[in-house]
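Student: Compact mmCIF, C-alpha atoms, saved as data-v7.txt, coming up:
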# COMPACT_ATOMS: atom_id res chain seq x y z
CA MET A 344 -2.79 9.01 25.92
CA GLN A 345 -4.05 9.11 22.32
CA LYS A 346 -3.20 12.77 21.77
CA THR A 347 0.15 13.05 23.51
CA THR A 348 3.12 14.96 22.14
CA ILE A 349 5.62 12.91 24.14
CA LEU A 350 7.61 10.54 21.98
CA GLU A 351 7.63 7.56 24.30
CA GLN A 352 3.90 7.55 24.81
CA LYS A 353 3.15 7.79 21.10
CA TRP A 354 5.34 4.78 20.50
CA LEU A 355 3.79 2.80 23.34
CA ALA A 356 0.24 3.51 22.23
CA LEU A 357 1.06 2.15 18.77
CA ILE A 358 2.60 -1.01 20.19
CA ALA A 359 -0.45 -1.51 22.40
CA LEU A 360 -2.69 -1.37 19.32
CA HIS A 361 -0.83 -4.33 17.83
CA TYR A 362 -1.97 -6.61 20.58
CA TYR A 363 -5.38 -5.23 21.53
CA GLN A 364 -6.96 -5.09 18.06
CA ILE A 365 -7.13 -8.85 17.72
CA THR A 366 -10.56 -9.05 19.32
CA GLY A 367 -11.98 -6.34 17.08
CA ILE A 368 -12.39 -2.57 16.79
CA ASN A 369 -15.49 -0.82 18.09
CA ASN A 370 -15.10 2.76 16.98
CA THR A 371 -13.64 2.92 13.48
CA GLN A 372 -13.63 6.71 13.26
CA LEU A 373 -11.43 7.02 16.35
CA TYR A 374 -9.09 4.40 14.95
CA ILE A 375 -8.82 6.23 11.64
CA ASP A 376 -8.10 9.57 13.30
CA PHE A 377 -5.48 8.01 15.51
CA VAL A 378 -3.75 6.21 12.67
CA LYS A 379 -3.79 9.21 10.34
CA ARG A 380 -2.27 11.44 12.99
CA ASN A 381 0.65 9.06 13.41
CA LEU A 382 1.12 8.24 9.72
CA PHE A 383 2.14 11.82 8.96
CA ASP A 384 4.52 12.20 11.87
CA ASN A 385 7.96 13.74 11.38
CA LEU A 386 9.85 10.79 12.80
CA TYR A 387 10.44 7.66 10.78
CA LEU A 388 10.12 5.36 13.76
CA ILE A 389 6.51 6.28 14.47
CA ARG A 390 5.52 6.20 10.80
CA LYS A 391 7.00 2.74 10.48
CA GLU A 392 5.38 1.44 13.64
CA CYS A 393 2.03 2.88 12.54
CA TYR A 394 2.28 1.23 9.14
CA GLU A 395 2.93 -2.11 10.78
CA VAL A 396 -0.22 -1.62 12.85
CA ILE A 397 -2.20 -1.26 9.62
CA ARG A 398 -0.59 -4.42 8.28
CA SER A 399 -1.93 -6.41 11.20
CA THR A 400 -5.39 -4.85 10.90
CA ILE A 401 -5.53 -6.20 7.35
CA PHE A 402 -5.50 -9.68 8.80
CA PHE A 403 -7.74 -9.23 11.81
CA ASN A 404 -10.40 -6.77 10.66
CA PRO A 405 -10.07 -5.90 6.96
CA LYS A 406 -13.30 -3.88 6.79
CA VAL A 407 -11.72 -1.13 8.87
CA VAL A 408 -8.85 -0.86 6.40
CA LEU A 409 -11.28 -0.31 3.52
CA ALA A 410 -12.78 2.62 5.43
CA LEU A 411 -9.28 3.97 6.04
CA LEU A 412 -8.46 3.72 2.34
CA ASP A 413 -11.54 5.74 1.45
CA ASP A 414 -10.46 8.39 3.90
CA LEU A 415 -6.91 8.52 2.58
CA LEU A 416 -7.95 8.68 -1.08
CA GLU A 417 -9.89 11.90 -0.48
CA GLU A 418 -6.83 13.79 0.73
CA THR A 419 -4.69 15.97 -1.52
CA ASN A 420 -1.44 15.22 0.29
CA PRO A 421 0.81 13.12 -2.00
CA ASN A 422 2.07 11.11 0.95
CA ALA A 423 -1.47 9.85 1.54
CA LEU A 424 -1.48 8.46 -2.00
CA LEU A 425 1.86 6.73 -1.46
CA TYR A 426 0.58 5.12 1.72
CA CYS A 427 -2.59 4.11 -0.13
CA ILE A 428 -0.57 2.32 -2.79
CA ALA A 429 1.49 0.50 -0.20
CA ILE A 430 -1.59 -0.57 1.76
CA LEU A 431 -3.42 -1.71 -1.37
CA LYS A 432 -0.48 -3.85 -2.41
CA ASP A 433 -0.22 -5.45 1.00
CA PHE A 434 -3.96 -6.02 1.08
CA SER A 435 -4.10 -7.81 -2.26
CA PHE A 436 -0.98 -9.79 -1.44
CA SER A 437 -2.42 -10.96 1.86
CA LEU A 438 -5.74 -11.85 0.21
CA THR A 439 -4.08 -14.09 -2.35
CA GLU A 440 -1.78 -15.52 0.28
CA VAL A 441 -4.66 -16.45 2.54
CA LEU A 442 -6.77 -17.92 -0.22
CA THR A 443 -4.01 -20.12 -1.58
CA GLY A 444 -3.32 -21.40 1.91
CA SER A 445 0.32 -20.41 2.07
CA ALA A 446 -0.26 -18.06 5.00
CA TYR A 447 -0.17 -19.52 8.47
CA VAL A 448 -2.97 -17.27 9.71
CA ASN A 449 -6.35 -18.88 10.12
CA LEU A 450 -9.23 -16.55 9.36
CA GLY A 451 -11.90 -19.13 10.16
CA ASP A 452 -14.81 -19.00 7.75
CA PHE A 453 -13.10 -16.61 5.38
CA ASN A 454 -11.54 -19.45 3.42
CA LYS A 455 -14.81 -21.21 2.74
CA ASN A 456 -17.10 -18.23 2.28
CA HIS A 457 -16.95 -17.41 -1.44
CA ARG A 458 -19.39 -14.51 -1.28
CA LEU A 459 -17.23 -12.73 1.26
CA LYS A 460 -14.18 -13.35 -0.90
CA ASN A 461 -15.74 -11.91 -4.04
CA SER A 462 -17.13 -8.88 -2.19
CA PHE A 463 -13.64 -8.06 -0.92
CA TYR A 464 -12.22 -8.41 -4.42
CA SER A 465 -14.80 -6.10 -5.98
CA GLN A 466 -14.39 -3.55 -3.19
CA LEU A 467 -10.63 -3.55 -3.60
CA ILE A 468 -10.81 -3.11 -7.37
CA THR A 469 -12.75 0.15 -7.08
CA ARG A 470 -10.06 1.51 -4.77
CA PHE A 471 -7.38 0.41 -7.19
CA GLN A 472 -9.03 2.31 -10.02
CA CYS A 473 -9.21 5.45 -7.88
CA ALA A 474 -5.57 5.14 -6.91
CA LEU A 475 -4.46 4.63 -10.53
CA LYS A 476 -6.08 7.90 -11.61
CA LYS A 477 -4.42 9.76 -8.76
CA GLN A 478 -1.07 8.14 -9.46
CA GLU A 479 -0.96 9.46 -13.00
CA GLU A 480 -1.64 13.00 -11.78
CA PHE A 481 1.09 12.61 -9.19
CA LYS A 482 3.60 11.43 -11.76
CA SER A 483 2.82 14.20 -14.20
CA ASN A 484 3.16 16.79 -11.43
CA LEU A 485 6.56 15.44 -10.45
CA LEU A 486 7.83 15.28 -14.03
CA ARG A 487 7.13 18.97 -14.53
CA LYS A 488 9.10 20.15 -11.56
CA LYS A 489 12.70 19.00 -11.93
CA SER A 490 14.93 17.77 -14.66
CA PHE A 491 16.24 14.62 -13.05
CA TRP A 492 12.85 13.00 -12.85
CA LYS A 493 12.76 12.87 -16.63
CA LYS A 494 15.48 10.26 -16.87
CA THR A 495 13.25 7.55 -15.44
CA LYS A 496 11.29 5.23 -17.66
CA ASN A 497 7.68 4.31 -17.16
CA ARG A 498 8.10 0.76 -16.01
CA THR A 499 4.52 0.01 -15.04
CA ASN A 500 2.70 -2.81 -16.77
CA PRO A 501 -0.19 -1.83 -19.05
CA ILE A 502 -3.76 -2.87 -18.32
CA PRO A 503 -5.49 -4.88 -21.10
CA GLU A 504 -8.64 -3.42 -22.65
CA ASN A 505 -10.85 -6.45 -22.08
CA ILE A 506 -10.07 -6.58 -18.40
CA GLU A 507 -13.65 -7.22 -17.31
CA SER A 508 -13.66 -10.62 -18.97
CA PHE A 509 -11.02 -11.94 -16.57
CA SER A 510 -11.76 -13.37 -13.18
CA LEU A 511 -11.67 -11.05 -10.17
CA GLN A 512 -8.42 -12.51 -8.88
CA ASP A 513 -6.65 -11.92 -12.19
CA GLN A 514 -8.02 -8.39 -12.43
CA LEU A 515 -6.48 -7.63 -9.06
CA LEU A 516 -3.10 -8.89 -10.22
CA TYR A 517 -3.18 -6.64 -13.29
CA TYR A 518 -4.01 -3.59 -11.19
CA GLU A 519 -1.29 -4.48 -8.75
CA GLY A 520 1.25 -4.52 -11.54
CA ALA A 521 0.11 -1.12 -12.76
CA LEU A 522 0.57 0.61 -9.41
CA ASN A 523 4.28 1.35 -9.09
CA ALA A 524 4.94 4.85 -7.88
CA ARG A 525 8.18 3.74 -6.30
CA ASN A 526 9.76 2.90 -9.64
CA LEU A 527 10.04 6.61 -10.30
CA SER A 528 12.92 6.93 -7.93
CA ARG A 529 15.44 4.24 -8.78
CA ALA A 530 17.28 5.76 -11.70
CA PRO A 531 17.84 9.34 -10.48
CA PHE A 532 19.57 8.22 -7.31
CA LYS A 533 22.48 6.81 -9.31
CA ASN A 534 22.75 9.79 -11.65
CA LYS A 535 24.43 13.00 -10.64
CA VAL A 536 22.26 15.65 -9.09
CA SER A 537 23.16 19.28 -9.57
CA MET B 1456 14.82 -23.00 10.97
CA ILE B 1457 15.27 -20.30 13.58
CA LEU B 1458 15.92 -16.76 12.45
CA LEU B 1459 18.04 -14.43 14.49
CA THR B 1460 17.92 -10.66 14.19
CA VAL B 1461 20.21 -7.85 15.27
CA VAL B 1462 18.51 -5.34 17.51
CA ALA B 1463 19.98 -1.93 18.30
CA ILE B 1464 18.82 -0.18 21.44
CA LEU B 1465 18.97 3.57 21.45
CA CYS B 1466 17.55 6.68 23.01
CA LEU B 1467 15.92 8.91 20.42
CA ASN B 1468 16.00 11.93 22.71
CA HIS B 1469 19.78 11.75 22.99
CA GLN B 1470 20.25 10.27 19.50
CA MET B 1471 22.75 7.80 20.94
CA LYS B 1472 23.21 4.08 20.63
CA PHE B 1473 23.60 2.08 23.82
CA HIS B 1474 24.13 -1.50 22.78
CA THR B 1475 23.13 -4.21 20.33
CA PHE B 1476 22.18 -7.81 20.82
CA TRP B 1477 20.99 -10.86 18.95
CA THR B 1478 17.55 -12.30 19.57
CA THR B 1479 14.84 -14.45 18.14
CA ASP B 1480 11.48 -12.81 17.51
CA ASN B 1481 9.89 -12.69 20.98
CA LEU B 1482 10.81 -9.24 22.17
CA GLY B 1483 7.63 -8.25 23.93
CA GLU B 1484 8.82 -8.63 27.48
CA GLU B 1485 11.94 -6.49 27.36
CA ARG B 1486 10.36 -3.32 26.06
CA SER B 1487 10.13 -1.26 29.23
CA LYS B 1488 13.73 -0.27 29.95
CA VAL B 1489 14.57 3.30 30.82
CA CYS B 1490 17.64 5.38 30.03
CA TYR B 1491 19.60 6.06 33.21
CA GLU B 1492 20.69 9.57 32.35
CA ALA B 1493 17.35 11.32 32.09
CA HIS B 1494 14.74 8.59 32.37
CA HIS B 1495 14.02 8.44 28.67
CA ARG B 1496 12.61 5.28 27.26
CA TYR B 1497 14.81 3.02 25.14
CA PHE B 1498 13.79 2.28 21.55
CA HIS B 1499 14.48 -1.00 19.86
CA PHE B 1500 15.47 -0.88 16.20
CA TYR B 1501 15.53 -4.09 14.22
CA GLY B 1502 18.84 -3.78 12.47
CA ASP B 1503 22.10 -2.19 13.45
CA THR B 1504 23.91 1.10 12.98
CA TYR B 1505 26.84 -0.16 10.94
CA ASP B 1506 25.58 1.81 7.97
CA ILE B 1507 26.01 5.56 8.15
CA ASP B 1508 22.66 6.19 6.46
CA PHE B 1509 20.95 4.88 9.55
CA PHE B 1510 21.51 8.11 11.45
CA ALA B 1511 19.50 10.07 8.93
CA TRP B 1512 16.41 8.15 9.96
CA LEU B 1513 16.67 9.08 13.63
CA TYR B 1514 15.91 12.75 13.09
CA PRO B 1515 12.74 14.40 11.82
CA TYR B 1516 12.99 14.41 8.05
CA GLN B 1517 12.86 18.19 7.67
CA GLU B 1518 15.95 18.95 9.77
CA ILE B 1519 18.56 18.59 7.06
CA GLN B 1520 21.42 20.44 8.72
CA LYS B 1521 21.36 18.21 11.80
CA ILE B 1522 21.35 15.13 9.60
CA SER B 1523 24.25 16.28 7.44
CA ASP B 1524 26.28 17.26 10.51
CA ARG B 1525 25.68 13.92 12.14
CA ILE B 1526 26.56 11.95 9.02
CA ALA B 1527 29.76 13.97 8.52
CA LYS B 1528 30.73 13.28 12.12
CA GLU B 1529 30.06 9.56 11.82
CA TYR B 1530 31.99 9.41 8.56
CA HIS B 1531 34.96 11.02 10.25
CA ASP B 1532 34.85 8.66 13.21
CA ARG B 1533 34.63 5.25 11.61
CA LEU B 1534 35.41 3.25 8.55
CA SER B 1535 32.55 2.37 6.25
CA GLU B 1536 31.85 1.00 2.82
CA ARG B 1537 29.89 4.01 1.61
CA SER B 1538 31.79 6.47 -0.55
CA LYS B 1539 31.59 10.20 -0.01
CA THR B 1540 29.99 10.98 -3.37
CA ASN B 1541 27.33 8.40 -2.74
CA LEU B 1542 26.50 10.05 0.58
CA LYS B 1543 26.33 13.45 -1.13
CA HIS B 1544 23.74 12.15 -3.57
CA PHE B 1545 21.84 10.69 -0.67
CA LEU B 1546 21.73 14.03 1.13
CA THR B 1547 20.84 16.15 -1.92
CA TYR B 1548 18.05 13.77 -2.74
CA TRP B 1549 16.82 13.88 0.84
CA GLU B 1550 16.85 17.67 0.75
CA TYR B 1551 14.81 17.78 -2.44
CA LEU B 1552 12.26 15.39 -0.98
CA ALA B 1553 11.97 17.43 2.21
CA GLN B 1554 11.30 20.57 0.20
CA GLU B 1555 8.50 18.82 -1.65
CA ASN B 1556 7.09 17.43 1.63
CA LEU B 1557 7.52 13.85 0.46
CA PHE B 1558 8.52 11.17 2.93
CA PRO B 1559 11.95 9.75 2.06
CA GLU B 1560 11.05 6.17 2.93
CA PHE B 1561 9.17 5.81 -0.36
CA PHE B 1562 12.04 7.01 -2.54
CA LEU B 1563 15.25 6.11 -0.74
CA GLN B 1564 16.62 2.86 0.55
CA LYS B 1565 15.24 2.17 4.00
CA PRO B 1566 17.53 1.12 6.86
CA LYS B 1567 18.30 -2.56 6.64
CA GLU B 1568 16.54 -5.10 8.77
CA TYR B 1569 18.98 -7.83 9.54
CA GLY B 1570 18.12 -11.50 9.68
CA LEU B 1571 20.61 -14.35 10.03
CA THR B 1572 20.46 -18.08 10.24
CA TYR B 1573 22.86 -20.02 12.44
CA GLU B 1574 24.91 -21.05 9.42
CA LYS B 1575 25.66 -17.48 8.48
CA LEU B 1576 26.41 -16.67 12.09
CA LEU B 1577 29.30 -19.10 12.12
CA GLN B 1578 30.83 -17.50 9.04
CA LYS B 1579 30.89 -14.07 10.58
CA LYS B 1580 34.39 -12.78 11.20
CA LYS B 1581 35.77 -11.48 14.45
CA ARG B 1582 36.34 -7.81 14.91
CA GLU B 1583 39.85 -6.55 14.45
CA GLU B 1584 41.78 -6.12 17.63
CA CYS B 1585 42.38 -2.60 18.84
CA ASP B 1586 44.71 -0.91 21.26
CA LEU B 1587 43.36 -0.07 24.67
CA LEU B 1588 44.05 3.63 24.17
CA GLU B 1589 41.92 3.72 21.02
CA ILE B 1590 39.08 2.10 22.88
CA PHE B 1591 39.30 4.61 25.73
CA ASN B 1592 39.40 7.50 23.28
CA THR B 1593 36.19 6.34 21.66
CA LEU B 1594 34.52 5.77 24.99
CA THR B 1595 35.18 9.20 26.53
CA LEU B 1596 32.52 11.79 25.91
CA GLU B 1597 33.54 15.11 24.43
CA PHE B 1598 30.75 16.98 26.12
CA ASP B 1599 28.11 16.45 28.75
CA PRO B 1600 25.18 14.50 27.30
CA LEU B 1601 22.81 16.51 29.49
CA LEU B 1602 23.66 19.73 27.63
CA MET B 1603 23.06 18.35 24.18
CA GLU B 1604 19.99 20.35 23.28
CA PRO B 1605 21.03 23.45 21.33
CA ALA B 1606 18.21 25.67 22.56
CA GLU B 1607 19.32 25.25 26.16
CA ALA B 1608 23.02 25.56 25.48
CA GLY B 1609 22.56 29.31 25.02
CA HIS B 1610 21.79 29.83 28.69
CA GLU B 1611 24.79 30.46 30.85
CA ASP B 1612 23.42 29.60 34.28
CA LEU B 1613 23.94 25.95 34.97
CA GLU B 1614 21.30 25.95 37.69
CA GLU B 1615 18.57 27.05 35.31
CA ILE B 1616 19.52 24.32 32.88
CA PHE B 1617 19.60 21.63 35.52
CA ASN B 1618 16.27 22.71 37.00
CA HIS B 1619 14.70 22.71 33.56
CA LEU B 1620 16.15 19.32 32.74
CA ALA B 1621 15.10 17.90 36.10
CA ASN B 1622 11.52 19.00 35.50
CA LYS B 1623 11.57 17.44 32.07
CA ALA B 1624 13.07 14.23 33.41
CA ALA B 1625 10.45 14.00 36.14
CA GLU B 1626 7.71 14.48 33.56
CA ARG B 1627 9.09 11.77 31.33
CA TYR B 1628 9.67 9.42 34.21
CA ASN B 1629 6.07 9.80 35.32
CA CYS B 1630 4.92 9.12 31.77
CA CYS B 1631 6.92 5.90 31.62
CA VAL B 1632 5.71 4.75 35.01
CA ASN B 1633 2.11 5.56 34.24
CA CYS B 1634 2.27 3.61 31.02
CA GLN B 1635 3.24 0.48 32.90
CA THR B 1636 0.37 0.73 35.33
CA LEU B 1637 -2.40 1.80 32.96
CA ASP B 1638 -5.91 0.83 33.84
CA ARG B 1639 -7.47 -1.39 31.23
CA SER B 1640 -10.66 0.65 31.58
CA ASP B 1641 -8.98 3.62 29.87
CA GLU B 1642 -8.30 1.65 26.74
CA LYS B 1643 -11.93 0.79 26.12
CA GLU B 1644 -12.59 3.85 24.02
CA PHE B 1645 -11.99 2.17 20.71
CA LEU B 1646 -11.25 -1.41 21.64
CA ASN B 1647 -13.53 -4.34 22.27
CA TYR B 1648 -13.39 -6.46 25.37
Do you think you could lay out the structure here as structure tokens?
Tutor:
Amino acid sequence: MQKTTILEQKWLALIALHYYQITGINNTQLYIDFVKRNLFDNLYLIRKECYEVIRSTIFFNPKVVLALLDDLLEETNPNALLYCIAILKDFSFSLTEVLTGSAYVNLGDFNKNHRLKNSFYSQLITRFQCALKKQEEFKSNLLRKKSFWKKTKNRTNPIPENIESFSLQDQLLYYEGALNARNLSRAPFKNKVS
Amino acid sequence: MILLTVVAILCLNHQMKFHTFWTTDNLGEERSKVCYEAHHRYFHFYGDTYDIDFFAWLYPYQEIQKISDRIAKEYHDRLSERSKTNLKHFLTYWEYLAQENLFPEFFLQKPKEYGLTYEKLLQKKKREECDLLEIFNTLTLEFDPLLMEPAEAGHEDLEEIFNHLANKAAERYNCCVNCQTLDRSDEKEFLNY
């Protein structure tokens, strides 16, 4: 069932993952292969459903998502980078949401355990730095190719030089502001395309 | 506060919409319906197909000609708020992204996901009344939905087509039935219990 080419079964397998991953994931490598196969599907429906699966894994077993991010960052496909940025943003958002108590999900000891919190922050920041380097390459490659990309402005927020003096939570927020690959696209859609 | 959402049900194999309904968020129990024509499985989309852009998202993103044909047909059939020039930009942009192998969901506006409170529901206007003849004209099919696939339309023998389609339908039907009665032991490969 995991390697089917039939549309209905692909969709059903993804929906099943939503519910069955709550208790935990045994084999992370199988999970990563399964998710990566569906993330690069041709159909939007399956890509969307697969991305929502990852969103729920962030809450229930976040260590698996870190392994997935490492796997995606090694690829040369630009879509992998775009997914990475989206996942990283959701991850940091959910972390801050859980820690401030505005989320209605209870993660048990995660709220009280400060070591666990800080380890997740520091692990996320290394991934953010990797993604930022790749994002700049991606932007420069796109700007070379066609004329209508040039009309966009660089709207990302700059990172301060003394960033290491801030707390880990603030560092994450700065990196989150700097990652904005999607801002590339907004202006050219309104302009005329030849 | 209770949120309501519009849900469109459609068959991705036929690329047709069957109906829409309003629900709250617990959809898990109604997911196993099957299309009567060829035993395809229905797909639930959160949101509705009022916008013409929606039909672009039903096809694989590389098949540009199918998408443009479908959008032109939908534009001809119904009234919409989108202007023609705006749709042209949408399609040219989509084409450029497909050539670069970039997924359009990162660069274009995604299909809307509707959410309404009860207060907004009361403000919603009624649909304009139509003549019966207009309704019948929209309901009648121009061609047989079974012969929709272009690769099989080239064959002239109807028997070959029907045999081929029957085999396909049987295969899909078995898939759907087997999914409902899966053993939990098969799922243990990467899941904890």
Student: If we count all atoms listed in the file, what is near stretch 1532-1537 of chain B at a cut-off of 8 Å, once residues fewer than 6 positions away on the same chain are taken out, given as a PDB file with C-alpha atoms, keeping the file's coordinate frame?
Tutor:
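That gives us around08.pdb:
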ATOM      1  CA  TYR B1505      26.840  -0.160  10.940  1.00  0.00           C
ATOM      2  CA  ASP B1506      25.580   1.810   7.970  1.00  0.00           C
ATOM      3  CA  ILE B1507      26.010   5.560   8.150  1.00  0.00           C
TER       4      ILE B1507
END
Student: Give me, as a VMD selection string, the residues of chain A touching chain B, with the criterion being at most 6 Å (counting all atoms listed in the file).
Tutor: chain A and resid 367 to 370 385 to 386 528
Student: Name the closest residue to A:Ser465 among the candidates A:Ser510, A:Ile389, A:Leu350, A:Val396; distances are taken between atoms, counting all atoms listed in the file.
Tutor: A:Ser510
Student: Distance atom CA of A:Leu515-atom CA of A:Phe377, one decimal place?
Tutor: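 These atoms are spaced 29.1 Å apart.
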